[in-house]
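Q: This is the structure I have questions about; it appears just below.
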Amino acid sequence: MPATLDGVLMDVAQVQVPVTDEGLLRGDGVFEVVRLYGGRPFALNDHLERMADSAANLRLPLDLEAIRADVATLLEAAGAVDAALRVLVTRGGRRIALIEALKERPETLALATVTYAPTRILDGVKSLSYGANMLATRLAQEQGADEALLVTPHGRVLEAPTTAFFYVLADELCTPPLADHVLDSITRRRLMAVTDARERVTVRDDLAAIGEAFLASTLREVHPVHAIDGVALPAAPGPVSVHAAGRIRERIEAELAAGPTA
Ligand SMILES: Cc1ncc(COP(=O)(O)O)c(C=O)c1O
């Protein structure tokens, strides 16, 4: 797979960063993952703007024009692939962009709740420090689930380690509020624009009454959930999830057709 390091195109196996880079030593840096549909990036501008905001919040120098040029070089080399584009900037000042294969995933997911408190100082920073998120997934898998559902020590339901969380309660499509320190997901933004989804403070006790649920992200679009903490949901995918999946797919197609400035 192709990659760029500080703007130079090479095979991903050739990319090397100094072991003293604090991006490696301390997870100090920022990243984004963009989906490529037949080589066309979806919502690239939104991702790069969020990356610039992340870097500003982290007090990390970031050259957005250089990153745009790296991405253009890499996309040209990648061709018409269905893949992921990962872009990162480290505290050591390295700009890295990689093409990654999409993962095979089960059609529907079992979630297990995992206690998690977002690091408040990292609000608005999609940082390289994802060790806690990766651990949450492993803890959920140790319980026999596919993925974690993060719940604060005070019982607020947040999101999954790399996806937003949506659910249907009393026939309404809901998602936990940004004010509860979940990531301002680009898929979540689009879903809120194309469906009736609304923000709702969500507590652990709500989970027993949920009619359907799905995870949402750049890589998964809409990914239905069939059970939470071993309790099967009434439908997976339910009608609201199927509708949301169709609407987001239409929106993606429309934005891709409108071209890179959309
Ligand atoms: C913690 C977290 N929440 C949600 C998401 C989904 O965000 P997006 O829709 O921008 O991919 C991600 C994706 O990286 C994430 O890391």
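Here, A, B, ... name the chains of the structure tokens in the order displayed, residue numbers run from 1 inside each chain, and ligands are numbered from 1 in the same displayed order.
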Could you list the protein, DNA and RNA residues that have any atom within 6 Å of ligand 1, counting only C-alpha atoms and all ligand atoms, and write them as a PyMOL selection string?

A: chain A and resi 161-164+183+185-188+217-218

Q: Quick one: write out the picked residues with all heavy atoms as a PDB file, in the first residue's frame?

A:
ATOM      1  N   PRO A 161     -15.563   3.084  21.189  1.00  0.00           N
ATOM      2  CA  PRO A 161     -14.185   3.607  21.163  1.00  0.00           C
ATOM      3  C   PRO A 161     -13.797   4.336  19.876  1.00  0.00           C
ATOM      4  O   PRO A 161     -12.954   5.233  19.918  1.00  0.00           O
ATOM      5  CB  PRO A 161     -13.328   2.347  21.350  1.00  0.00           C
ATOM      6  CG  PRO A 161     -14.203   1.424  22.136  1.00  0.00           C
ATOM      7  CD  PRO A 161     -15.591   1.658  21.606  1.00  0.00           C
ATOM      8  N   THR A 162     -14.407   3.962  18.746  1.00  0.00           N
ATOM      9  CA  THR A 162     -14.083   4.673  17.493  1.00  0.00           C
ATOM     10  C   THR A 162     -15.332   4.996  16.678  1.00  0.00           C
ATOM     11  O   THR A 162     -15.253   5.217  15.469  1.00  0.00           O
ATOM     12  CB  THR A 162     -13.115   3.837  16.607  1.00  0.00           C
ATOM     13  OG1 THR A 162     -13.760   2.604  16.285  1.00  0.00           O
ATOM     14  CG2 THR A 162     -11.799   3.544  17.297  1.00  0.00           C
ATOM     15  N   THR A 163     -16.484   5.050  17.339  1.00  0.00           N
ATOM     16  CA  THR A 163     -17.733   5.333  16.607  1.00  0.00           C
ATOM     17  C   THR A 163     -18.714   6.089  17.498  1.00  0.00           C
ATOM     18  O   THR A 163     -18.681   5.969  18.722  1.00  0.00           O
ATOM     19  CB  THR A 163     -18.448   4.031  16.150  1.00  0.00           C
ATOM     20  OG1 THR A 163     -18.857   3.325  17.307  1.00  0.00           O
ATOM     21  CG2 THR A 163     -17.571   3.144  15.292  1.00  0.00           C
ATOM     22  N   ALA A 164     -19.627   6.798  16.846  1.00  0.00           N
ATOM     23  CA  ALA A 164     -20.748   7.418  17.562  1.00  0.00           C
ATOM     24  C   ALA A 164     -21.809   6.346  17.837  1.00  0.00           C
ATOM     25  O   ALA A 164     -21.828   5.293  17.196  1.00  0.00           O
ATOM     26  CB  ALA A 164     -21.340   8.545  16.722  1.00  0.00           C
ATOM     27  N   LEU A 183     -16.841  12.561  20.694  1.00  0.00           N
ATOM     28  CA  LEU A 183     -16.214  13.194  19.537  1.00  0.00           C
ATOM     29  C   LEU A 183     -17.284  13.798  18.627  1.00  0.00           C
ATOM     30  O   LEU A 183     -18.335  13.198  18.420  1.00  0.00           O
ATOM     31  CB  LEU A 183     -15.404  12.152  18.742  1.00  0.00           C
ATOM     32  CG  LEU A 183     -14.636  12.750  17.558  1.00  0.00           C
ATOM     33  CD1 LEU A 183     -13.385  13.488  18.025  1.00  0.00           C
ATOM     34  CD2 LEU A 183     -14.258  11.676  16.530  1.00  0.00           C
ATOM     35  N   SER A 185     -18.295  13.659  15.700  1.00  0.00           N
ATOM     36  CA  SER A 185     -18.116  12.747  14.558  1.00  0.00           C
ATOM     37  C   SER A 185     -18.721  13.346  13.293  1.00  0.00           C
ATOM     38  O   SER A 185     -19.829  13.899  13.314  1.00  0.00           O
ATOM     39  CB  SER A 185     -18.803  11.424  14.908  1.00  0.00           C
ATOM     40  OG  SER A 185     -19.352  10.793  13.785  1.00  0.00           O
ATOM     41  N   ILE A 186     -18.014  13.190  12.198  1.00  0.00           N
ATOM     42  CA  ILE A 186     -18.488  13.734  10.918  1.00  0.00           C
ATOM     43  C   ILE A 186     -19.687  12.925  10.414  1.00  0.00           C
ATOM     44  O   ILE A 186     -20.638  13.480   9.874  1.00  0.00           O
ATOM     45  CB  ILE A 186     -17.304  13.781   9.929  1.00  0.00           C
ATOM     46  CG1 ILE A 186     -16.360  14.901  10.397  1.00  0.00           C
ATOM     47  CG2 ILE A 186     -17.760  13.996   8.495  1.00  0.00           C
ATOM     48  CD1 ILE A 186     -14.953  14.801   9.910  1.00  0.00           C
ATOM     49  N   THR A 187     -19.691  11.627  10.654  1.00  0.00           N
ATOM     50  CA  THR A 187     -20.842  10.790  10.285  1.00  0.00           C
ATOM     51  C   THR A 187     -22.057  11.176  11.129  1.00  0.00           C
ATOM     52  O   THR A 187     -23.184  11.236  10.625  1.00  0.00           O
ATOM     53  CB  THR A 187     -20.507   9.300  10.506  1.00  0.00           C
ATOM     54  OG1 THR A 187     -19.192   9.051  10.007  1.00  0.00           O
ATOM     55  CG2 THR A 187     -21.505   8.399   9.807  1.00  0.00           C
ATOM     56  N   ARG A 188     -21.810  11.438  12.408  1.00  0.00           N
ATOM     57  CA  ARG A 188     -22.888  11.867  13.310  1.00  0.00           C
ATOM     58  C   ARG A 188     -23.504  13.173  12.809  1.00  0.00           C
ATOM     59  O   ARG A 188     -24.730  13.325  12.761  1.00  0.00           O
ATOM     60  CB  ARG A 188     -22.295  12.032  14.717  1.00  0.00           C
ATOM     61  CG  ARG A 188     -23.243  12.497  15.816  1.00  0.00           C
ATOM     62  CD  ARG A 188     -22.423  12.709  17.090  1.00  0.00           C
ATOM     63  NE  ARG A 188     -23.234  13.093  18.236  1.00  0.00           N
ATOM     64  CZ  ARG A 188     -23.689  14.322  18.454  1.00  0.00           C
ATOM     65  NH1 ARG A 188     -23.444  15.295  17.578  1.00  0.00           N
ATOM     66  NH2 ARG A 188     -24.401  14.578  19.534  1.00  0.00           N
ATOM     67  N   SER A 217     -19.805   5.702  11.938  1.00  0.00           N
ATOM     68  CA  SER A 217     -18.480   6.291  11.751  1.00  0.00           C
ATOM     69  C   SER A 217     -18.140   6.340  10.267  1.00  0.00           C
ATOM     70  O   SER A 217     -18.832   5.739   9.436  1.00  0.00           O
ATOM     71  CB  SER A 217     -17.400   5.468  12.470  1.00  0.00           C
ATOM     72  OG  SER A 217     -17.137   4.281  11.751  1.00  0.00           O
ATOM     73  N   THR A 218     -17.064   7.038   9.986  1.00  0.00           N
ATOM     74  CA  THR A 218     -16.540   7.133   8.630  1.00  0.00           C
ATOM     75  C   THR A 218     -16.375   5.750   8.005  1.00  0.00           C
ATOM     76  O   THR A 218     -16.762   5.529   6.867  1.00  0.00           O
ATOM     77  CB  THR A 218     -15.171   7.846   8.711  1.00  0.00           C
ATOM     78  OG1 THR A 218     -15.413   9.192   9.095  1.00  0.00           O
ATOM     79  CG2 THR A 218     -14.425   7.796   7.407  1.00  0.00           C
TER      80      THR A 218
END

Q: Excluding same-chain residues fewer than 3 positions from Ala235 (chain A), what lies within 7 Å of it counting only C-alpha atoms, as a list in words?

A: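 Once the adjacent positions are removed, what remains is Gly211, Glu212, His226 and Gly238 of chain A.
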
Q: Could you save the residues just selected, with C-alpha atoms, as a PDB file, in the first residue's frame?

A:
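What landed in part.pdb:
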ATOM      1  CA  GLY A 211     -35.772  -0.710  20.475  1.00  0.00           C
ATOM      2  CA  GLU A 212     -32.788  -0.626  18.117  1.00  0.00           C
ATOM      3  CA  HIS A 226     -28.057  -6.754  18.031  1.00  0.00           C
ATOM      4  CA  GLY A 238     -34.627  -2.266  12.839  1.00  0.00           C
TER       5      GLY A 238
END

Q: Which one is closest to Leu135 (chain A): A:Asp123, A:Thr115, A:Arg249, A:Thr152? Count only C-alpha atoms.

A: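 Of A:Asp123, A:Thr115, A:Arg249, A:Thr152, the one nearest Leu135 (chain A), counting only C-alpha atoms, is A:Thr115.
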
Q: Would you mind listing what lies within 8 Å of region 56-65 of chain A as an mmCIF file with N, CA, C and O atoms, in the first residue's frame, with only C-alpha atoms counted and same-chain residues fewer than 5 positions away left out?

A:
data_model
loop_
_atom_site.group_PDB
_atom_site.id
_atom_site.type_symbol
_atom_site.label_atom_id
_atom_site.label_comp_id
_atom_site.auth_asym_id
_atom_site.auth_seq_id
_atom_site.Cartn_x
_atom_site.Cartn_y
_atom_site.Cartn_z
ATOM 1 N N GLY A 29 0.155 13.792 19.306
ATOM 2 C CA GLY A 29 -0.027 14.106 17.893
ATOM 3 C C GLY A 29 -1.505 14.015 17.568
ATOM 4 O O GLY A 29 -2.323 13.767 18.460
ATOM 5 N N LEU A 48 -10.080 17.463 7.397
ATOM 6 C CA LEU A 48 -8.866 18.286 7.527
ATOM 7 C C LEU A 48 -9.117 19.482 8.445
ATOM 8 O O LEU A 48 -8.233 19.887 9.209
ATOM 9 N N VAL A 89 -0.097 13.658 12.195
ATOM 10 C CA VAL A 89 1.009 14.593 12.416
ATOM 11 C C VAL A 89 1.494 14.368 13.841
ATOM 12 O O VAL A 89 0.688 14.312 14.783
ATOM 13 N N ARG A 91 4.225 15.036 17.212
ATOM 14 C CA ARG A 91 4.918 16.133 17.915
ATOM 15 C C ARG A 91 6.323 16.318 17.350
ATOM 16 O O ARG A 91 6.856 17.429 17.347
ATOM 17 N N GLY A 93 6.979 16.405 14.412
ATOM 18 C CA GLY A 93 6.866 17.188 13.187
ATOM 19 C C GLY A 93 6.734 16.357 11.920
ATOM 20 O O GLY A 93 6.835 16.887 10.820
ATOM 21 N N LEU A 122 -8.531 16.786 26.737
ATOM 22 C CA LEU A 122 -8.445 16.433 25.309
ATOM 23 C C LEU A 122 -9.753 16.678 24.557
ATOM 24 O O LEU A 122 -9.892 16.253 23.406
ATOM 25 N N GLY A 124 -12.128 18.072 22.040
ATOM 26 C CA GLY A 124 -11.842 18.739 20.765
ATOM 27 C C GLY A 124 -10.489 18.386 20.196
ATOM 28 O O GLY A 124 -9.982 19.102 19.325
ATOM 29 N N VAL A 125 -9.894 17.297 20.669
ATOM 30 C CA VAL A 125 -8.608 16.849 20.132
ATOM 31 C C VAL A 125 -8.740 15.376 19.742
ATOM 32 O O VAL A 125 -8.974 14.523 20.608
#

Q: For Gly246 (chain A), work out the shell of residues within 12 Å, counting only C-alpha atoms and skipping chain neighbours fewer than 4 positions away, then give it as an mmCIF file with N, CA, C and O atoms, in the first residue's frame.

A:
data_model
loop_
_atom_site.group_PDB
_atom_site.id
_atom_site.type_symbol
_atom_site.label_atom_id
_atom_site.label_comp_id
_atom_site.auth_asym_id
_atom_site.auth_seq_id
_atom_site.Cartn_x
_atom_site.Cartn_y
_atom_site.Cartn_z
ATOM 1 N N LEU A 191 -25.608 12.362 9.813
ATOM 2 C CA LEU A 191 -26.827 11.642 10.192
ATOM 3 C C LEU A 191 -27.847 12.587 10.815
ATOM 4 O O LEU A 191 -29.044 12.474 10.563
ATOM 5 N N VAL A 194 -29.611 14.395 7.995
ATOM 6 C CA VAL A 194 -30.477 13.682 7.036
ATOM 7 C C VAL A 194 -31.556 12.822 7.712
ATOM 8 O O VAL A 194 -32.341 12.181 7.023
ATOM 9 N N THR A 195 -31.565 12.787 9.039
ATOM 10 C CA THR A 195 -32.630 12.060 9.760
ATOM 11 C C THR A 195 -33.186 13.001 10.836
ATOM 12 O O THR A 195 -32.712 14.124 11.000
ATOM 13 N N GLU A 221 -20.086 3.641 8.354
ATOM 14 C CA GLU A 221 -21.367 4.291 8.041
ATOM 15 C C GLU A 221 -22.325 3.939 9.193
ATOM 16 O O GLU A 221 -22.094 4.384 10.308
ATOM 17 N N VAL A 222 -23.369 3.118 8.897
ATOM 18 C CA VAL A 222 -24.303 2.708 9.954
ATOM 19 C C VAL A 222 -24.090 1.216 10.208
ATOM 20 O O VAL A 222 -24.165 0.417 9.273
ATOM 21 N N HIS A 223 -23.783 0.854 11.463
ATOM 22 C CA HIS A 223 -23.476 -0.548 11.770
ATOM 23 C C HIS A 223 -24.424 -1.015 12.886
ATOM 24 O O HIS A 223 -24.256 -0.647 14.054
ATOM 25 N N PRO A 239 -36.172 -0.910 11.544
ATOM 26 C CA PRO A 239 -36.550 -0.027 10.426
ATOM 27 C C PRO A 239 -35.890 1.354 10.487
ATOM 28 O O PRO A 239 -35.547 1.923 9.446
ATOM 29 N N VAL A 240 -35.707 1.895 11.657
ATOM 30 C CA VAL A 240 -35.100 3.233 11.759
ATOM 31 C C VAL A 240 -33.625 3.162 11.345
ATOM 32 O O VAL A 240 -33.107 4.047 10.650
ATOM 33 N N SER A 241 -32.956 2.071 11.730
ATOM 34 C CA SER A 241 -31.543 1.902 11.353
ATOM 35 C C SER A 241 -31.412 1.721 9.845
ATOM 36 O O SER A 241 -30.506 2.291 9.218
ATOM 37 N N VAL A 242 -32.325 0.941 9.262
ATOM 38 C CA VAL A 242 -32.283 0.716 7.807
ATOM 39 C C VAL A 242 -32.508 2.041 7.083
ATOM 40 O O VAL A 242 -31.813 2.377 6.120
ATOM 41 N N GLU A 250 -27.193 7.783 0.631
ATOM 42 C CA GLU A 250 -27.593 8.758 -0.406
ATOM 43 C C GLU A 250 -26.777 10.046 -0.268
ATOM 44 O O GLU A 250 -26.350 10.634 -1.247
ATOM 45 N N ARG A 251 -26.590 10.474 0.965
ATOM 46 C CA ARG A 251 -25.851 11.719 1.206
ATOM 47 C C ARG A 251 -24.395 11.573 0.749
ATOM 48 O O ARG A 251 -23.823 12.480 0.145
ATOM 49 N N ILE A 252 -23.812 10.418 1.055
ATOM 50 C CA ILE A 252 -22.422 10.178 0.638
ATOM 51 C C ILE A 252 -22.332 10.224 -0.881
ATOM 52 O O ILE A 252 -21.463 10.905 -1.448
ATOM 53 N N GLU A 253 -23.252 9.511 -1.547
ATOM 54 C CA GLU A 253 -23.248 9.493 -3.019
ATOM 55 C C GLU A 253 -23.389 10.906 -3.563
ATOM 56 O O GLU A 253 -22.704 11.291 -4.511
#

Q: Determine, counting only C-alpha atoms, which protein, DNA and RNA residues have an atom within 10 Å of an atom of Val231 (chain A); residues of the same chain fewer than 3 positions away are not included. Present the result as a VMD selection string.

A: chain A and resid 110 to 112 207 to 208 226 to 228 234
